[in-house]
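See below for the structure under consideration.
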Amino acid sequence: MNIKRARLGVFGYFFLLGLMVGFWAAGLPSLNQRLQLGEGRLGVVLLLVSFGALGSMLIAGQLVDRLSSRRMSQVAAPLCALALLGPALAPDYVTLMVSAVVLGLGIGVVEVAINTHSVEVEHQYGRPIISAFHGTWSLGGAVGGAITSIALGLGADPQTLLVSAALVIPLLFLTLVGTLLPPPEPAAEQEGEGNGRRIPWGLVLILGVAAFAAHLSEGAAMDWTGLHSSNILGVDPAIAPIAFTIFSTAMTVVRFVGDPVRARLGNVTTVGLAGAIATGGYVLVLLSPVFGGVALAWIGWGLTGVGLATVIPVLFSAVGASGGSVGKALALLTAFGYTGLLMGPAVLGFVAEATSLRISLIIPAVFAAIIALAGVPALRRLPSATKVPAKV
């Protein structure tokens, strides 16, 4: 098997997954209008997707270890994209809720499967490459959103557009089936499992805390950048979204350049530096109403994106480098991360309602620091995590 071909295949999987999520997210306003959901019921739908994903992740880890990440990715990815048909064709709210759970179940399985396969490809490739995979996912999401925006602007029917995505993306996944690495030979797999059992579950849990902190901080930035600009800094609503654009662009760019940086600095230093930069970014955002205004806030959001960009790829890579059947461990990290992404915006909303948005943003700033406080000592104790191939 050509390892460079496998790398391109994983790039394709991540891009198509991001494309699928981009179509789904960009189609939500039209779905909301078609079924007259309202903000409350739409929020329930999004929660059901998240809960479905969380519910399937730990089971997916066991399936990946038993059946291989290749087989699970090949099956789960096209089925997950096909599951977009449910929400796209749902005639009422009840059907939509059921479809949302099914979509979430598919997302949970394919997230674990393809992330596990990505660490296997990196291990055989001989140098860090995972961060760029996640950057490709972000790029796919942006492309899906852009296609939706352009098509709707040209008068396309939104339901037809989402149905088309649900039918075309699975076919694109099928063109990538032959690119993935074959399952390991039984002897090598058994040897790997022996190494994998040496990963202490306590360390995996601590790394899960770091993943939770990273995604909570990311979710807070994704959902509250615009409101902070408009409500706290008094920025015009037409300009307020620039803050999120800066954050998202910084995160995507750094993910594409993060692998050579990690190759030079190592996992431990990279995570420590990432947590420090993200914390510094949030500090600038918190100080912006007093010093610097919107310009300082934009710098802060940019630094936050820079810091958070490489955390999850590094954690996944470090666990994968320990060898063995790591599907369960990666599933746990993914579940922790999704929980943070799910809880973060909601917790901040409750705190902002009870106090103020300025005070609520202290929470992700603290969790950004926890990335380094939890991740660095755990990585130092994780087998093979302190060594990264120096080839760049």
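All residue names refer to the structure tokens as shown: chains lettered A, B, ... in order, residues numbered from 1 in each chain, ligands numbered from 1 in order.
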Tell me which protein, DNA and RNA residues are within 8 Å of A:Gly340, counting only C-alpha atoms, leaving out same-chain ones fewer than 3 positions away, and put them as number ranges by chain.
A: 211-216, 219, 336-337, 343-344
Using only C-alpha atoms, find each residue of stretch 73-170 of chain A with at least one atom at most 10 Å away from an atom of stretch 37-48 of chain A; report its shortest atom-to-atom pair and that distance in Å (one decimal), sort the rows by chain and rising residue number, and return the result as JSON lines.
```
{"residue": "A:Pro87", "atom": "CA", "partner": "A:Val45", "partner_atom": "CA", "distance": 9.7}
{"residue": "A:Asp92", "atom": "CA", "partner": "A:Leu37", "partner_atom": "CA", "distance": 9.3}
{"residue": "A:Tyr93", "atom": "CA", "partner": "A:Leu37", "partner_atom": "CA", "distance": 7.4}
{"residue": "A:Val94", "atom": "CA", "partner": "A:Val45", "partner_atom": "CA", "distance": 9.8}
{"residue": "A:Leu96", "atom": "CA", "partner": "A:Val45", "partner_atom": "CA", "distance": 7.4}
{"residue": "A:Met97", "atom": "CA", "partner": "A:Val45", "partner_atom": "CA", "distance": 5.7}
{"residue": "A:Val98", "atom": "CA", "partner": "A:Leu48", "partner_atom": "CA", "distance": 8.4}
{"residue": "A:Ser99", "atom": "CA", "partner": "A:Val45", "partner_atom": "CA", "distance": 9.0}
{"residue": "A:Ala100", "atom": "CA", "partner": "A:Leu48", "partner_atom": "CA", "distance": 5.9}
{"residue": "A:Val101", "atom": "CA", "partner": "A:Leu48", "partner_atom": "CA", "distance": 5.4}
{"residue": "A:Val102", "atom": "CA", "partner": "A:Leu48", "partner_atom": "CA", "distance": 9.0}
{"residue": "A:Leu103", "atom": "CA", "partner": "A:Leu48", "partner_atom": "CA", "distance": 9.1}
{"residue": "A:Gly104", "atom": "CA", "partner": "A:Leu48", "partner_atom": "CA", "distance": 7.2}
{"residue": "A:Leu105", "atom": "CA", "partner": "A:Leu48", "partner_atom": "CA", "distance": 9.7}
```
Selected residues, N, CA and C atoms, written as a CSV table (one decimal), in the first residue's frame, please.
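Once written, result26.csv looks like this:
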```csv
chain,number,residue,atom,x,y,z
A,87,PRO,N,-33.0,14.6,7.7
A,87,PRO,CA,-33.4,16.0,8.0
A,87,PRO,C,-33.9,16.7,6.7
A,92,ASP,N,-42.0,16.8,9.2
A,92,ASP,CA,-42.5,17.4,10.5
A,92,ASP,C,-41.4,17.3,11.5
A,93,TYR,N,-41.7,18.0,12.7
A,93,TYR,CA,-40.7,18.1,13.8
A,93,TYR,C,-40.3,16.8,14.4
A,94,VAL,N,-41.3,15.9,14.6
A,94,VAL,CA,-41.0,14.6,15.2
A,94,VAL,C,-40.0,13.8,14.3
A,96,LEU,N,-38.0,14.9,12.1
A,96,LEU,CA,-36.7,15.6,12.2
A,96,LEU,C,-35.9,15.3,13.4
A,97,MET,N,-36.6,15.1,14.5
A,97,MET,CA,-35.8,14.8,15.8
A,97,MET,C,-35.2,13.4,15.6
A,98,VAL,N,-36.0,12.4,15.1
A,98,VAL,CA,-35.5,11.1,14.9
A,98,VAL,C,-34.3,11.1,13.9
A,99,SER,N,-34.5,11.9,12.8
A,99,SER,CA,-33.4,12.0,11.8
A,99,SER,C,-32.2,12.6,12.4
A,100,ALA,N,-32.3,13.5,13.3
A,100,ALA,CA,-31.2,14.2,14.0
A,100,ALA,C,-30.4,13.2,14.8
A,101,VAL,N,-31.1,12.3,15.5
A,101,VAL,CA,-30.4,11.3,16.3
A,101,VAL,C,-29.6,10.4,15.4
A,102,VAL,N,-30.2,9.9,14.3
A,102,VAL,CA,-29.6,9.0,13.4
A,102,VAL,C,-28.3,9.7,12.8
A,103,LEU,N,-28.4,11.0,12.4
A,103,LEU,CA,-27.3,11.7,11.9
A,103,LEU,C,-26.2,11.8,12.9
A,104,GLY,N,-26.6,12.1,14.2
A,104,GLY,CA,-25.6,12.1,15.2
A,104,GLY,C,-24.9,10.8,15.4
A,105,LEU,N,-25.6,9.7,15.4
A,105,LEU,CA,-25.0,8.4,15.6
A,105,LEU,C,-23.9,8.2,14.5
```
Residues at most 9 Å from A:Leu162, counting only C-alpha atoms, excluding those fewer than 5 positions away in the same chain, as number ranges by chain?
A: 23-24, 27, 84-85, 87-89, 148, 157, 167
Find the residues near A:Ile150: any atom within 12 Å, counting only C-alpha atoms, skip ones fewer than 6 places away on the same chain, and give them as JSON, numbers by chain.
{"A": [23, 26, 143, 144, 156, 157, 158, 161]}
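Residue nearest A:Ile169 within the list A:Gly22, A:Gly155, A:Pro313, A:Pro260: A:Gly22 [criterion: smallest interatomic distance, only C-alpha atoms].
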Figure out the distance between atom CA of A:Leu174 and atom CA of A:Ala329, please, to one decimal in Å.
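Result for atom CA of A:Ala329 versus atom CA of A:Leu174: 27.5 Å, one decimal.
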